[in-house]
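Before any comments, here is the structure.
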Amino acid sequence: MIETPAPPEIPAIRAAAERNRADILVTPVHDWRGVELDERMGAGTEVVLKLELFQHTGSFKPRGALTVVNSLDAEALRRGLTAVSAGNHAIAVAYAAARRGTHAKVVMLGSANAARIARCRQLGAEVILSTTGATAFDPQSTGITFALTDKAPGDKIPLITPGYGLSAAADGGVFKWNFPILDTYWTAADILIQHIGKKEGGLEKLKGKKIALVYHDSPYGKEPIPLLQERARMHGFELQLLPVTAPGVEQKSTWLQVRQARPDYVLLWGWGVMNSTALKEAQASGYPREKMFGVYWSGTEPDVKDVGTAANGYSALNMQNELGTTKAAQDILKYVHAKGEGSGPKDEVGSILYNNGMIISMLTVEAVRRAQERFGPGKPMTGEQVRWAFENLALDQKKLDSLGFGKLVRPISTSCVDHMGVPTARVQTWDGAKWNFVSPPIEADLSLLKPMVKVAADKYAAEKKLTRRTPADCQSDAMK
């Protein structure tokens, strides 16, 4: 998942508009009025249309492309631009490159509109046409994963969602195209409860305790609730649910409730600015950070580094087995950043979010490699072929070592019916300067999780009128 940047302030927007002025047209604005609008939206509703079809390239997208290009230094401009697009964005990038005297390479589907392909070439871009389409997609959002889960079977593009997305999708018998490899939010919630139980002297010691879930009010934040409710039923603790409206900068009422209820523990299921705000509000309300535990996406460096002492003692989960730079990360520093070709800050290499990105990229590349071994070395792979490969990953420690990942992740093995593997995570605590592991790898309780996953998957199948895959189906897929 990508760290969400703060929205730009008005002065920054005006400055970007000024930099782009010479290359952007002032397009008309139309005030839409009419009986149809009143009937649909209510009398007096104002709708203003910005007619960007009259913009250079025929859409609003040159504004974004130029904003990025105009922020690049001379060396970055020399290297040129790349983009993947079906049309309008590709044209906008080609246009921005032409205006700034650099070159552009755009990847477009072979089925893209011929006029858009031709326009990119007219603007000087190198056009690469993909004959197979996307081989895999990392949505980087639980909400988007939910929306794409229904579309993936028709599009035939596998969704790779390590540590996020739809927990029930671990069941490959129903979710043929979803791959929550490594961990899900249900496994994360389970591991956190196990850890808290161990701190208390055993899960039976949780009886009568209060545990609050402060969560992003979205599919992401709601996803762990069924598992936590089941654990609460099993162990007799009280679960308090405290939703926070995105983006999460206003939490005073939430932490007033925490102050009033005084839960024994708080689980933080936040994202971006919500995490640092929660830690500051916890400090202001006098809630001990030592009693707070976050999910993976509430336990990265940006969540704590600017909070000061408010984060000291706070703990969170980490899917990674090691902290810091791996051989793969060292190679990136040596062969990419040392040559001035890094696309982001050098000091972020080896950070938790950076390592998560490397893991997702590695899994995708290894799936393509596995597919090529099966369907043809060096050939472009289709989404369906790569989906088969995701179901047949076998990354043992020797393979991970050869890739330069060492023990950053545990060995991974998937199958037709198991799209996750064995889920483990470690607990880490912030000491004011860095994260430190305070637990060994903790394995989620599959004896609890598997029945829950099956029930949820069967419910989804019934709602969507899907038939669960059989062993014969899996064998048939393997023979294609």
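Residue numbering restarts at 1 for every chain of the structure tokens, chains are lettered A, B, ... in their displayed order, and ligands are numbered from 1 as they appear.
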Contacts of segment 68-73 of chain A at 9 Å or less, counting only C-alpha atoms, minus same-chain residues fewer than 5 places along, as a list of chain:residue names?
A:Ala16, A:Arg19, A:Asn20, A:Arg63, A:Arg78, A:Leu81, A:Val93, A:Ala96, A:Ala97, A:Arg100
Could you write out that same residue set with C-alpha atoms as a PDB file, in the first residue's frame?
```pdb
ATOM      1  CA  ALA A  16       1.649  24.555 -10.390  1.00  0.00           C
ATOM      2  CA  ARG A  19       4.277  26.715 -14.187  1.00  0.00           C
ATOM      3  CA  ASN A  20       1.908  24.967 -16.594  1.00  0.00           C
ATOM      4  CA  ARG A  63      -2.539  19.136 -16.385  1.00  0.00           C
ATOM      5  CA  ARG A  78      17.180  13.395 -19.723  1.00  0.00           C
ATOM      6  CA  LEU A  81       9.098   9.481 -19.319  1.00  0.00           C
ATOM      7  CA  VAL A  93       2.531  12.054 -21.258  1.00  0.00           C
ATOM      8  CA  ALA A  96       4.296  16.755 -21.879  1.00  0.00           C
ATOM      9  CA  ALA A  97       7.483  15.068 -23.099  1.00  0.00           C
ATOM     10  CA  ARG A 100       9.806  19.688 -22.441  1.00  0.00           C
TER      11      ARG A 100
END
```
Given only C-alpha atoms, how would the per-residue table for segment 255-300 of chain A near segment 149-172 of chain A read, listing every residue at most 12 Å away with its closest atom pair and distance in Å to one decimal, sorted by chain and number, as JSON lines?
```
{"residue": "A:Trp269", "atom": "CA", "partner": "A:Tyr164", "partner_atom": "CA", "distance": 11.6}
{"residue": "A:Val295", "atom": "CA", "partner": "A:Gly163", "partner_atom": "CA", "distance": 9.5}
{"residue": "A:Tyr296", "atom": "CA", "partner": "A:Gly163", "partner_atom": "CA", "distance": 7.6}
{"residue": "A:Trp297", "atom": "CA", "partner": "A:Gly163", "partner_atom": "CA", "distance": 8.9}
```
Using only N, CA and C atoms, please write the residues we just selected to a file, as an mmCIF file, in the first residue's frame.
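Writing the result to out.cif gives the following:
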```
data_model
loop_
_atom_site.group_PDB
_atom_site.id
_atom_site.type_symbol
_atom_site.label_atom_id
_atom_site.label_comp_id
_atom_site.auth_asym_id
_atom_site.auth_seq_id
_atom_site.Cartn_x
_atom_site.Cartn_y
_atom_site.Cartn_z
ATOM 1 N N TRP A 269 -6.302 0.446 13.551
ATOM 2 C CA TRP A 269 -6.424 0.007 12.156
ATOM 3 C C TRP A 269 -6.541 1.250 11.286
ATOM 4 N N VAL A 295 -2.050 -2.528 13.161
ATOM 5 C CA VAL A 295 -1.916 -3.475 12.066
ATOM 6 C C VAL A 295 -0.693 -3.074 11.239
ATOM 7 N N TYR A 296 -0.374 -3.863 10.207
ATOM 8 C CA TYR A 296 0.807 -3.600 9.387
ATOM 9 C C TYR A 296 0.876 -2.161 8.898
ATOM 10 N N TRP A 297 -0.266 -1.664 8.408
ATOM 11 C CA TRP A 297 -0.279 -0.346 7.757
ATOM 12 C C TRP A 297 -0.402 0.787 8.766
#
```
Give the alpha helix (DSSP H) residues of segment 249-392 of chain A, as assigned by DSSP on the backbone, as an MDAnalysis selection string.
chainID A and resid 252:261 273:285 301:304 327:335 352:375 383:390
Can you spit out the residues from that selection as an mmCIF file, in the first residue's frame, using C-alpha atoms?
```
data_model
loop_
_atom_site.group_PDB
_atom_site.id
_atom_site.type_symbol
_atom_site.label_atom_id
_atom_site.label_comp_id
_atom_site.auth_asym_id
_atom_site.auth_seq_id
_atom_site.Cartn_x
_atom_site.Cartn_y
_atom_site.Cartn_z
ATOM 1 C CA LYS A 252 -11.063 14.056 19.496
ATOM 2 C CA SER A 253 -14.504 12.503 19.967
ATOM 3 C CA THR A 254 -13.032 9.025 19.407
ATOM 4 C CA TRP A 255 -10.397 9.462 22.074
ATOM 5 C CA LEU A 256 -12.914 11.016 24.431
ATOM 6 C CA GLN A 257 -14.744 7.681 24.201
ATOM 7 C CA VAL A 258 -11.466 5.846 24.838
ATOM 8 C CA ARG A 259 -10.827 8.042 27.865
ATOM 9 C CA GLN A 260 -14.288 7.350 29.205
ATOM 10 C CA ALA A 261 -14.257 3.579 28.573
ATOM 11 C CA VAL A 273 -2.361 10.716 8.738
ATOM 12 C CA MET A 274 -4.911 8.816 10.833
ATOM 13 C CA ASN A 275 -2.096 6.883 12.542
ATOM 14 C CA SER A 276 -0.001 9.831 13.700
ATOM 15 C CA THR A 277 -3.160 11.690 14.735
ATOM 16 C CA ALA A 278 -4.261 8.712 16.852
ATOM 17 C CA LEU A 279 -0.915 8.586 18.648
ATOM 18 C CA LYS A 280 -1.029 12.305 19.389
ATOM 19 C CA GLU A 281 -4.600 12.072 20.649
ATOM 20 C CA ALA A 282 -3.688 9.068 22.800
ATOM 21 C CA GLN A 283 -0.937 11.097 24.422
ATOM 22 C CA ALA A 284 -3.252 14.067 24.927
ATOM 23 C CA SER A 285 -5.912 11.871 26.540
ATOM 24 C CA GLU A 301 8.227 4.783 9.739
ATOM 25 C CA PRO A 302 5.990 7.614 8.451
ATOM 26 C CA ASP A 303 3.396 6.700 11.093
ATOM 27 C CA VAL A 304 5.723 7.462 14.001
ATOM 28 C CA LYS A 327 21.001 -7.956 -0.346
ATOM 29 C CA ALA A 328 18.304 -6.990 -2.872
ATOM 30 C CA ALA A 329 17.992 -3.533 -1.304
ATOM 31 C CA GLN A 330 21.779 -3.114 -1.255
ATOM 32 C CA ASP A 331 21.830 -3.922 -4.969
ATOM 33 C CA ILE A 332 19.202 -1.237 -5.579
ATOM 34 C CA LEU A 333 21.405 1.279 -3.767
ATOM 35 C CA LYS A 334 24.472 0.160 -5.714
ATOM 36 C CA TYR A 335 23.076 -0.238 -9.208
ATOM 37 C CA ILE A 352 9.196 -1.041 6.066
ATOM 38 C CA LEU A 353 7.021 0.356 3.288
ATOM 39 C CA TYR A 354 9.853 0.076 0.779
ATOM 40 C CA ASN A 355 10.471 -3.534 1.754
ATOM 41 C CA ASN A 356 6.760 -4.291 1.412
ATOM 42 C CA GLY A 357 6.914 -2.886 -2.111
ATOM 43 C CA MET A 358 9.935 -5.059 -2.905
ATOM 44 C CA ILE A 359 8.111 -8.136 -1.623
ATOM 45 C CA ILE A 360 5.043 -7.459 -3.780
ATOM 46 C CA SER A 361 7.252 -6.874 -6.828
ATOM 47 C CA MET A 362 9.260 -10.028 -6.145
ATOM 48 C CA LEU A 363 6.143 -12.167 -5.832
ATOM 49 C CA THR A 364 4.798 -10.831 -9.120
ATOM 50 C CA VAL A 365 8.072 -11.322 -10.998
ATOM 51 C CA GLU A 366 8.486 -14.832 -9.607
ATOM 52 C CA ALA A 367 4.931 -15.691 -10.666
ATOM 53 C CA VAL A 368 5.719 -14.542 -14.211
ATOM 54 C CA ARG A 369 8.951 -16.561 -14.117
ATOM 55 C CA ARG A 370 7.049 -19.622 -12.889
ATOM 56 C CA ALA A 371 4.467 -19.170 -15.655
ATOM 57 C CA GLN A 372 7.197 -18.939 -18.291
ATOM 58 C CA GLU A 373 8.731 -22.168 -17.011
ATOM 59 C CA ARG A 374 5.373 -23.840 -17.575
ATOM 60 C CA PHE A 375 4.100 -22.108 -20.727
ATOM 61 C CA GLY A 383 -3.192 -13.100 -16.817
ATOM 62 C CA GLU A 384 -4.578 -16.622 -16.846
ATOM 63 C CA GLN A 385 -1.116 -18.151 -17.118
ATOM 64 C CA VAL A 386 0.200 -15.978 -14.287
ATOM 65 C CA ARG A 387 -2.842 -16.880 -12.176
ATOM 66 C CA TRP A 388 -1.812 -20.531 -12.518
ATOM 67 C CA ALA A 389 1.695 -19.562 -11.405
ATOM 68 C CA PHE A 390 0.413 -17.750 -8.304
#
```
What's around Ser439 of chain A at 10 Å? Count only C-alpha atoms, leave out sequence neighbours fewer than 5 positions away in its own chain, and write the answer as number ranges by chain.
A: 195, 317, 425-429
So which residues touch segment 218-220 of chain A within 9 Å, counting only C-alpha atoms, skipping near sequence neighbours fewer than 4 positions away, as a VMD selection string?
chain A and resid 141 to 143 146 164 to 166 185 224 243 to 246 269 to 270
Minimum-distance residue to Ile91 of chain A, chosen among A:Gly202, A:Gly58, A:Pro288, A:Gly110 (using only C-alpha atoms)
A:Gly58
Nearest-residue call for Lys222 of chain A, choices A:Leu182, A:Leu268, A:Ala394, A:Leu192, using only C-alpha atoms
A:Leu268
What's the 7 Å shell around segment 416-424 of chain A, counting only C-alpha atoms, without same-chain residues fewer than 4 positions away, as a PyMOL selection string?
chain A and resi 170-173+179-183+187+319+391+412+441-444+474
Which parts of segment 290-431 of chain A does DSSP call strand (DSSP E) when run on the backbone here, written out as a ChimeraX atom specification?
/A:292-294,315-318,394-395,412-413,424-430
Export of the given selection (N, CA and C atoms) as a compact mmCIF listing (two decimals), in the first residue's frame:
```txt
# COMPACT_ATOMS: atom_id res chain seq x y z
N MET A 292 -1.20 0.09 23.09
CA MET A 292 -1.71 0.25 21.73
C MET A 292 -0.95 -0.65 20.77
N PHE A 293 -1.70 -1.32 19.89
CA PHE A 293 -1.11 -2.22 18.92
C PHE A 293 -1.75 -1.97 17.55
N GLY A 294 -0.91 -1.75 16.54
CA GLY A 294 -1.41 -1.44 15.22
C GLY A 294 -1.26 -2.59 14.24
N SER A 315 3.33 -0.30 19.67
CA SER A 315 3.69 -1.52 18.95
C SER A 315 2.78 -1.73 17.75
N ALA A 316 3.29 -2.50 16.79
CA ALA A 316 2.51 -2.81 15.59
C ALA A 316 3.02 -4.10 14.98
N LEU A 317 2.20 -4.67 14.10
CA LEU A 317 2.59 -5.89 13.40
C LEU A 317 3.49 -5.57 12.21
N ASN A 318 4.30 -6.57 11.84
CA ASN A 318 5.12 -6.47 10.64
C ASN A 318 5.13 -7.85 9.98
N ALA A 394 6.52 -21.77 -5.16
CA ALA A 394 7.30 -22.61 -4.25
C ALA A 394 8.64 -21.91 -4.01
N LEU A 395 8.60 -20.91 -3.13
CA LEU A 395 9.79 -20.11 -2.84
C LEU A 395 10.36 -20.58 -1.52
N ILE A 412 7.45 -19.45 0.93
CA ILE A 412 6.07 -19.30 0.48
C ILE A 412 5.69 -20.46 -0.42
N SER A 413 4.55 -21.07 -0.11
CA SER A 413 4.03 -22.15 -0.94
C SER A 413 2.52 -21.98 -1.05
N THR A 424 2.20 -15.72 9.18
CA THR A 424 2.89 -15.34 10.41
C THR A 424 3.19 -13.85 10.36
N ALA A 425 3.45 -13.28 11.53
CA ALA A 425 3.87 -11.88 11.63
C ALA A 425 4.61 -11.71 12.95
N ARG A 426 5.35 -10.61 13.04
CA ARG A 426 6.06 -10.31 14.28
C ARG A 426 5.57 -8.97 14.82
N VAL A 427 5.69 -8.81 16.14
CA VAL A 427 5.32 -7.56 16.79
C VAL A 427 6.59 -6.73 16.97
N GLN A 428 6.49 -5.45 16.64
CA GLN A 428 7.61 -4.53 16.78
C GLN A 428 7.18 -3.34 17.63
N THR A 429 8.15 -2.72 18.32
CA THR A 429 7.86 -1.58 19.19
C THR A 429 8.77 -0.42 18.82
N TRP A 430 8.21 0.78 18.81
CA TRP A 430 8.96 2.00 18.47
C TRP A 430 9.64 2.56 19.73
```
Expressed in Å to a single decimal, how great is the separation between atom CA of Phe137 of chain A and atom CA of Ser415 of chain A?
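These atoms are spaced 19.1 Å apart.
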Distance query Gly340 of chain A at most 9 Å, only C-alpha atoms, self and fewer than 4 positions along chain excluded, as a tab-separated table (two decimals) with N, CA and C atoms, in the first residue's frame:
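This went into around.tsv:
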```
chain	number	residue	atom	x	y	z
A	75	GLU	N	18.44	15.96	-14.97
A	75	GLU	CA	18.84	14.57	-15.13
A	75	GLU	C	17.63	13.67	-15.31
A	76	ALA	N	16.57	13.91	-14.54
A	76	ALA	CA	15.35	13.12	-14.68
A	76	ALA	C	14.72	13.33	-16.06
A	336	VAL	N	21.26	1.31	-8.81
A	336	VAL	CA	20.24	2.28	-9.22
A	336	VAL	C	20.54	3.66	-8.62
```
Rounded to one decimal, what separation in Å do you get between atom CA of Ala338 of chain A and atom CA of Leu403 of chain A?
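Atom CA of Leu403 of chain A lies at a distance of 20.3 Å from atom CA of Ala338 of chain A.
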May I ask for the distance between atom CA of Ile10 of chain A and atom CA of Trp271 of chain A, given in Å to one decimal place?
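It comes out at 23.8 Å.
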Quick one: everything within 12 Å of segment 112-114 of chain A, counting only C-alpha atoms, minus sequence neighbours fewer than 2 positions away in the same chain. Send it as a PyMOL selection string.
chain A and resi 84-88+90-91+107-110+116-121+127-131+133
